[in-house]
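A.B. asks: One structure coming up, written as structure tokens, with questions to follow.
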Amino acid sequence: APISTPRISNATQTFGRETVRLGAGFIPNVQFAPIYVGLEKGFFQEEGIELELSYGFENDYLKLVGVDEYQFMLGSGDQVVLGRAQGLPVRYVLNWYTRFPVVIFSKAERNITTPADLAGKTIGIPGAFGASYVALRGILEAANLTEQDVRLESIGFTQAAAVSEDRVDAAVDYAVNGPVVLRLAGVPVNEIALDDYLVIPSNGLVTNERTIAERPDLVQKMVRALQRSIAYTLANPDEAFAIALKVVPEAGGENEAANRAVFDASLSFWTPKPGQTPGATDLADWQATVEFMQRIGLIDAAVDAESLFTNQFITEE
Amino acid sequence: MAVFVAEQISKRFVDGPRPLQALLPVSFEVEAGEIVCLVGPSGSGKSTLLRIMGGLIEPDSGAMWFEGEPHRAPNTAIGFVFQKTNLMPWRTVLQNVLLPIEIQHKKVTEADRAHAEALLATMGLKEFEHAYPRQLSGGMNQRVVLARTLMQRPRLLLMDEPFGQLDALTRERLNLELLRLQAAQKITIFMVTHSIPEAVLLADRIFVLSERPGRLIAQVAVSLPRPRTLAMMSTPAFGEIAMQVRRWIGETPDFDEATQSSRAVETLD
Amino acid sequence: MAVFVAEQISKRFVDGPRPLQALLPVSFEVEAGEIVCLVGPSGSGKSTLLRIMGGLIEPDSGAMWFEGEPHRAPNTAIGFVFQKTNLMPWRTVLQNVLLPIEIQHKKVTEADRAHAEALLATMGLKEFEHAYPRQLSGGMNQRVVLARTLMQRPRLLLMDEPFGQLDALTRERLNLELLRLQAAQKITIFMVTHSIPEAVLLADRIFVLSERPGRLIAQVAVSLPRPRTLAMMSTPAFGEIAMQVRRWIGETPDFDEATQSSRAVETLD
Amino acid sequence: MFEVSKDEIRYRPRPSPLPAWRAWSSRYHTYLLAPLTLIGMVALWAWLVEWRAYPPFILPSPALVWRKFLSMAAGSLWLHVGVTLLEIALGLAIGLSAAFVLGYLLGKHRSLERIAAPYIVASQSIPVVAIAPLIVIWMGSGLVSKVAVTALITFFPTLVATIVGVRSVDPDLRDLMRSLRATRGQMFWKLELPAALPMILGGLKLSATLAVVGAVVGEFMGATAGLGYLINLGRGVLDTPMIFVAIFMLVLIAQALYLAVLLLEARLLHWQR
Amino acid sequence: MFEVSKDEIRYRPRPSPLPAWRAWSSRYHTYLLAPLTLIGMVALWAWLVEWRAYPPFILPSPALVWRKFLSMAAGSLWLHVGVTLLEIALGLAIGLSAAFVLGYLLGKHRSLERIAAPYIVASQSIPVVAIAPLIVIWMGSGLVSKVAVTALITFFPTLVATIVGVRSVDPDLRDLMRSLRATRGQMFWKLELPAALPMILGGLKLSATLAVVGAVVGEFMGATAGLGYLINLGRGVLDTPMIFVAIFMLVLIAQALYLAVLLLEARLLHWQR
Ligand SMILES: Nc1ncnc2c1ncn2[C@@H]1O[C@H](COP(=O)(O)OP(=O)(O)OP(=O)(O)O)[C@@H](O)[C@H]1O
Ligand SMILES: Nc1ncnc2c1ncn2[C@@H]1O[C@H](COP(=O)(O)OP(=O)(O)OP(=O)(O)O)[C@@H](O)[C@H]1O
Ligand SMILES: [Mg+2]
Ligand SMILES: [Mg+2]
């Protein structure tokens, strides 16, 4: 795609440091604790990066990175596949979430514990797209079910309420969201995690081809800083949580317990799998993801899995 | 035999820059089939009195009876011609004239349309049935209002300067038409006018209202025989009555008959 | 010496149910300082002619000159009293009267306020300066309009039935006031009225418009001496002129002098 | 006193130059300029894409959107249009009816307005998205909730317009109707409605346009069909041309509704000139 | 002809029973009923939470929201309120100015309206969220984009109201002003504006209320402060009472703006009665 916008348009040099904007998720949240840790501990500064966090929609940021309006964003693998399929020159350079964070959850009393239990059930889902749809189809596939075998209800982002008030039998949501909310409200919950059935590269650092080609040093610095941040967070969870609370004070106070629960649940998603090089992803997983997404119709044609990611910036400790 | 009785009706407006006594208590009776003309200086409370009689505003004191019944709200047997031409701009002339029928009978029959068209023809507006009010002249609109009120077949007609915007000849023609109608249908008429000759030509009695605050200072009986004709206007009796009325209008409430009689008696209109 | 010249002015309205010739080509001149009264049946095109003269609507044909200049748009030296009382409901009486000053001089001085108050006093509205139009009677509002127009100190005054809603006495008083003002300030006046006596009392010449479509069928010169007084109204000369005008109004465009002279000559108003 | 030379100026008989020009302008301006500006807009859009070299996923070219439209039109596009139209129709029907009735009452009784206004204003200033869970719980995630959101959004403009309209009724005409002893219903149908029409139609213009927004906001809460769903889907699968096709369908619906109000206006207010 | 017994009915001197009741109703209704209905609403809300046993993450109780408000008021709440207020103020300033100017022009020239309306309608029916990337590219993700969205949303109601208002000016008064040779400016300030005020104020009521929605929609595109941000934050940190506090602040701002218009109305339209 022709990109004629000025190089690192938003990056300015200040005191020998470079301002880099990172398109993060929707809202400040303890789930971004590693970033906050990196900022607080100076991991980014040590790389000469003045990191500026920007909050918005993942799909908007993917496009903005695609046109080099932004150089970096946090996004999940399936989004990168989608982006590539639509011609966005984006590439995944660092894995952060080692397991796909979306689950199907339900009240324990419903006894929905395996994909097969979903047959004939009403499942709430934000919409037939995005991470939740990927997870739903992946989990259904594991039991050889299709969308016709369940009743889908598009409930937007109201999963906790919908499950709590029995409008649906189960709902697709981030593991650290709906299920945590219900448990905190004293409702026992069952979860079915996609990652148990299908490995899809999850959230990580995404940049574009141009930045990789013209500023590999910058990518390298970003990857290094973020890796250090994640590692430090995993090593010092209490401190990391405290740092996150400083950035997001609203998560403290009477919300601390809930957010600590979210944070603790997140930690397990950030922990490298046995045998995995921290930050790296597998070509096989990408290939499986592409095939899966083609199968469920999210993309029309195959995408070259090699073009989706690179492990070249991963530094092994 | 009084079709309309007013007793000690008064009105004070309090929403202006200072409270204003528009009407001091007035009492009068109007006999069935009678024509009463109300004259008085501008701002003396003529319109206010008419609006009270029509049940459109509440008096501060007093009581009224219409056809023997206590009266305080509008009545379909009472037709009202307002001082300000009030036609609906979104209705054609004919539709405006048919409004009272629509309101009172819900359905407009062919007979009603024919009646409306006849009335408009009487008013000299035959070709303008389908025009909108803004396409007519001031006097033409005033005639539409007259037709609309007559459409209602009222038993009591309250009229506030109904002929003010008409030229002399049209005015005379309509005066005679009104007299004919009134005689034929036994309508009672209570009418505000600024023209003393008109008042004398039409009325059985002429009420004179004093300067603000309005007070009924005279009820002049017009003893001319009926049916009235334009020719009567040149009789001495006519001139005599006109002169008498004119004297009353010129009076301050505490007038002195002697000094007043020396006033000029020419009527300007 | 003509302050206003109209040549072959005509007007046809095409937006009604059918096209309507309101005014056939009319031509006339108005001399400086002259008072011309325009009379004619309702709907004959008087208001239309005045609006054309004021530059408010375009004639279909013809040309006009004002003070020697070609004239086709409104001019601040021309004051206009409209047939329909047009006061701004959100302005008090005083603010309404001061409107022309605000428009023409941007600033309202103390002298202007004093002038406005004096004019209102002349109109008998001293206590109503701060009232809103809806709190006044019809005739009172009409007097406010008069005051507003005079405020403008026009050199030519176009008036469309300016005294229509006033009682006989107030009307006479204002007639005389107008004559005084006109003499003092050398205003030229062109005025529509339905009252023939009023026309004779005020005018140097009386223009008579025929029934629709309007045509200037007569220009009657009023040879009464100036200053005019109310007493003149009872002179034979006055009656003679009034009678003459009345005959003309009654005419159809193709009139027959012989048959017309036998008409009744009593003026009703 | 003044010298007059009569040949200086002269009105020529109709058609005079000015009216002729006006006739031209009022006749041809609209019929010629409207498509011309449309073409200009599309050209501007195409040029913008060209000039800034925007990739299709940011701003697709007109040609691309057109191709996408053709392929979607052969598919399920009309189904989605139909769903959104249904939501709009029902939402408008409910929202406008409520607006007329309540607007009439509040217009007649100022004290009622002062009591009700705070709640009406509140209902309009609460972001739908923030209370989506409550809406889903109370109304489900089906048609009802979308219709409710559309009705809520279309309600307000027509309500306010009706209040203003009812208050602007000429008191002289009100007196006339009272003197004729018109019933409340007659007062409404024969006086207040026609007199308030210019304002009400203004409110309808707003409501008609906002109805589209209402349906989309409703669908954004979660839907399985409709143009708002298409937009979300397009965002989800990063198919920007699809988003633009959906947007254009929305714009077309809004235009059609607006045009309907304009036609109604031309028909009902022809007496106004 | 009729028998009259004069003692049957008699108007008593003021204060007569009817006016007295009216005076009571207009004086006490509003000052008493307003707080009463408010208390009723809160009670209803508390009862609803109790009855349906809603957990706080669905619908927090009034008491919970109040406590949350107190703790937030001691913290950064006012900062967020300030940010949203700034966006609203700037958005209103821009949106309303544009609406007045354009509304005046379109009101005077019907053919202009027919040309411009399609684009204005289009601008109002495109969901902001669908073109968020373009907005970010063109206007950044800071204050500018939020102000732009607010201005866009507040623009339309006042535009339409101004058009309707300008068209409803009494032609007789227009003639008067023409006969006085009023300039365009005078025509506007001395006639068209005061005559159109009742309608324009109606439009302002809508714009004022929608300004709040505009700011929130703008902040929903991505923000770091403001009440819309608080709502999202509340969703992020699983704090439903926080969402409700933000909603209530929004509602309060909308109320205040609406009240401001009501006061303006009382001041400017006192001549209307
Ligand atoms: N705007 C208009 N559109 C169409 N026809 C009109 C318009 N204005 C006036 N007319 C027609 O032109 C004719 C003359 O009207 P005009 O107002 O000049 O009469 P007039 O002499 O002033 O009458 P009046 O004494 O009743 O006021 C009437 O027949 C009227 O119907
Ligand atoms: N709505 C009102 N509010 C306040 N004052 C009013 C109101 N209506 C009339 N008035 C006052 O009451 C007095 C009488 O008014 P009214 O209209 O009855 O006079 P009128 O005799 O009909 O005069 P005209 O012959 O000029 O029509 C006037 O001084 C007027 O200012
Ligand atoms: Mg009166
Ligand atoms: Mg006229």
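The way I read the labels, and the way they are meant: chains A, B, ... in the order of the structure tokens, residue 1 as the first residue of every chain, and ligand 1 as the first ligand shown, with later ones counted on from there.
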Can you pull out the residues contacting Leu166 in chain B? Cut-off 8 Å, using only C-alpha atoms, and skip same-chain residues under 3 positions away; I want them as number ranges by chain.
C.D. replies: B: 139, 163, 170-171; C: 41-42, 194
A.B. asks: Residues within 9 Å of ligand 2, counting only C-alpha atoms and all ligand atoms: report them as a PyMOL selection string.
C.D. replies: (chain B and resi 11-17+19-23+39-51+83+160-161+192-194+209+211-214) or (chain C and resi 128+131-143+165-167)
A.B. asks: Would you list the contacts of range 250-265 of chain E as a PyMOL selection string, taking every protein, DNA or RNA residue within 10 Å and counting only C-alpha atoms, but skipping same-chain residues closer than 4 positions in sequence?
C.D. replies: (chain D and resi 114+117-127) or (chain E and resi 81+84-85+88+197-198+200-213+215-216+227-228+244-246+269-270)
A.B. asks: Would you give me, as a PyMOL selection string, the residues in range 17-240 of chain B that DSSP reads as strand (DSSP E or B)?
C.D. replies: chain B and resi 20-31+35-39+61-66+69-70+78-81+156-160+188-192+205-209+214+216-221
A.B. asks: When you get a sec, could you note down which chain B residues fall within 8 Å of chain D, using only C-alpha atoms, as a ChimeraX atom specification?
C.D. replies: /B:54-56,74-76,78-80,84,86-91,100,103-104,132
A.B. asks: Could you work out which residues of chain D fall inside 7 Å of chain A? Count only C-alpha atoms, and format the result as number ranges by chain.
C.D. replies: D: 53, 55, 57-58, 132-133, 136-137, 141, 221-224, 233, 235-239
A.B. asks: Would you mind exporting the chosen residues as an mmCIF file, in the first residue's frame, restricted to C-alpha atoms?
C.D. replies:
data_model
loop_
_atom_site.group_PDB
_atom_site.id
_atom_site.type_symbol
_atom_site.label_atom_id
_atom_site.label_comp_id
_atom_site.auth_asym_id
_atom_site.auth_seq_id
_atom_site.Cartn_x
_atom_site.Cartn_y
_atom_site.Cartn_z
ATOM 1 C CA ALA D 53 -2.720 8.463 -1.031
ATOM 2 C CA PRO D 55 -5.054 3.272 1.625
ATOM 3 C CA PHE D 57 -8.715 0.698 4.869
ATOM 4 C CA ILE D 58 -8.578 4.334 5.927
ATOM 5 C CA ALA D 132 -26.657 -0.935 27.825
ATOM 6 C CA PRO D 133 -26.689 -3.755 30.428
ATOM 7 C CA VAL D 136 -30.497 -5.624 27.513
ATOM 8 C CA ILE D 137 -31.881 -6.967 30.770
ATOM 9 C CA SER D 141 -31.146 -7.746 22.657
ATOM 10 C CA MET D 221 -25.357 -2.368 21.668
ATOM 11 C CA GLY D 222 -25.403 -5.756 20.007
ATOM 12 C CA ALA D 223 -27.225 -6.934 16.935
ATOM 13 C CA THR D 224 -27.224 -9.664 14.342
ATOM 14 C CA LEU D 233 -18.821 -6.074 11.371
ATOM 15 C CA ARG D 235 -14.794 -2.619 11.877
ATOM 16 C CA GLY D 236 -14.357 -6.107 13.257
ATOM 17 C CA VAL D 237 -13.088 -7.607 10.028
ATOM 18 C CA LEU D 238 -11.291 -4.403 9.024
ATOM 19 C CA ASP D 239 -13.383 -4.068 5.892
#
A.B. asks: So which one's closest to ligand 3, C:Leu98, C:Val93, C:Gly164, C:Leu202? Using only C-alpha atoms and all ligand atoms, please.
C.D. replies: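 Counting only C-alpha atoms and all ligand atoms, the residue closest to ligand 3 is C:Gly164.
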A.B. asks: List the spatial neighbours of Glu7 in chain B as number ranges by chain - criterion: any atom at most 8 Å away, only C-alpha atoms, same-chain residues fewer than 6 positions off excluded.
C.D. replies: B: 25-28, 62-64
A.B. asks: Among the residues of range 137-214 of chain C, find those DSSP assigns to helix (DSSP H, G or I) from the backbone and print them as a ChimeraX atom specification.
C.D. replies: /C:138-151,168-185,196-202
A.B. asks: Which of these, E:Gly82, E:Pro62, E:Pro157, E:Pro241, has the shortest distance to chain D once you count only C-alpha atoms?
C.D. replies: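 Closest residue, counting only C-alpha atoms: E:Pro157.
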A.B. asks: So, with only C-alpha atoms as the atoms that count, which of E:Ser61, E:Ser97, E:Ser111, E:Thr150 lies closest to chain D?
C.D. replies: E:Ser111
A.B. asks: Just how far from CA of His115 in chain B is CA of Asn96 in chain B, in Å to one decimal?
C.D. replies: 13.3 Å
A.B. asks: Provide the CA of Ala261 in chain A to CA of Ala193 in chain A distance in Å, to one decimal place.
C.D. replies: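 Computing it gives 17.7 Å between the two atoms.
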A.B. asks: Work out how far CA of Leu230 in chain E is from CA of Asn236 in chain A, in Å to one decimal.
C.D. replies: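 Here the two named atoms are 28.8 Å from each other.
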A.B. asks: Please identify all polymer residues within 8 Å of range 184-187 of chain B, counting only C-alpha atoms, omitting same-chain residues fewer than 2 positions from it, and present them as a ChimeraX atom specification.
C.D. replies: /B:32-34,154-157,180-182,189
A.B. asks: Within 8 Å of Ala218 in chain B, counting only C-alpha atoms, which residues show up once you throw out same-chain ones fewer than 3 positions away? Write them as a compact mmCIF listing (two decimals) with N, CA, C and O atoms, in the first residue's frame, please.
C.D. replies:
# COMPACT_ATOMS: atom_id res chain seq x y z
N ILE B 206 -78.55 53.48 21.42
CA ILE B 206 -77.11 53.67 21.30
C ILE B 206 -76.54 53.84 22.71
O ILE B 206 -76.97 54.71 23.46
N PHE B 207 -75.60 52.96 23.07
CA PHE B 207 -74.94 53.07 24.37
C PHE B 207 -73.68 53.89 24.18
O PHE B 207 -72.92 53.66 23.24
N VAL B 208 -73.45 54.81 25.10
CA VAL B 208 -72.23 55.62 25.01
C VAL B 208 -71.34 55.28 26.20
O VAL B 208 -71.78 55.36 27.35
N LEU B 209 -70.11 54.92 25.90
CA LEU B 209 -69.13 54.61 26.95
C LEU B 209 -68.27 55.84 27.15
O LEU B 209 -67.87 56.51 26.19
N TRP B 248 -72.72 63.35 23.76
CA TRP B 248 -72.40 62.44 24.87
C TRP B 248 -70.95 61.93 24.77
O TRP B 248 -70.26 61.81 25.76
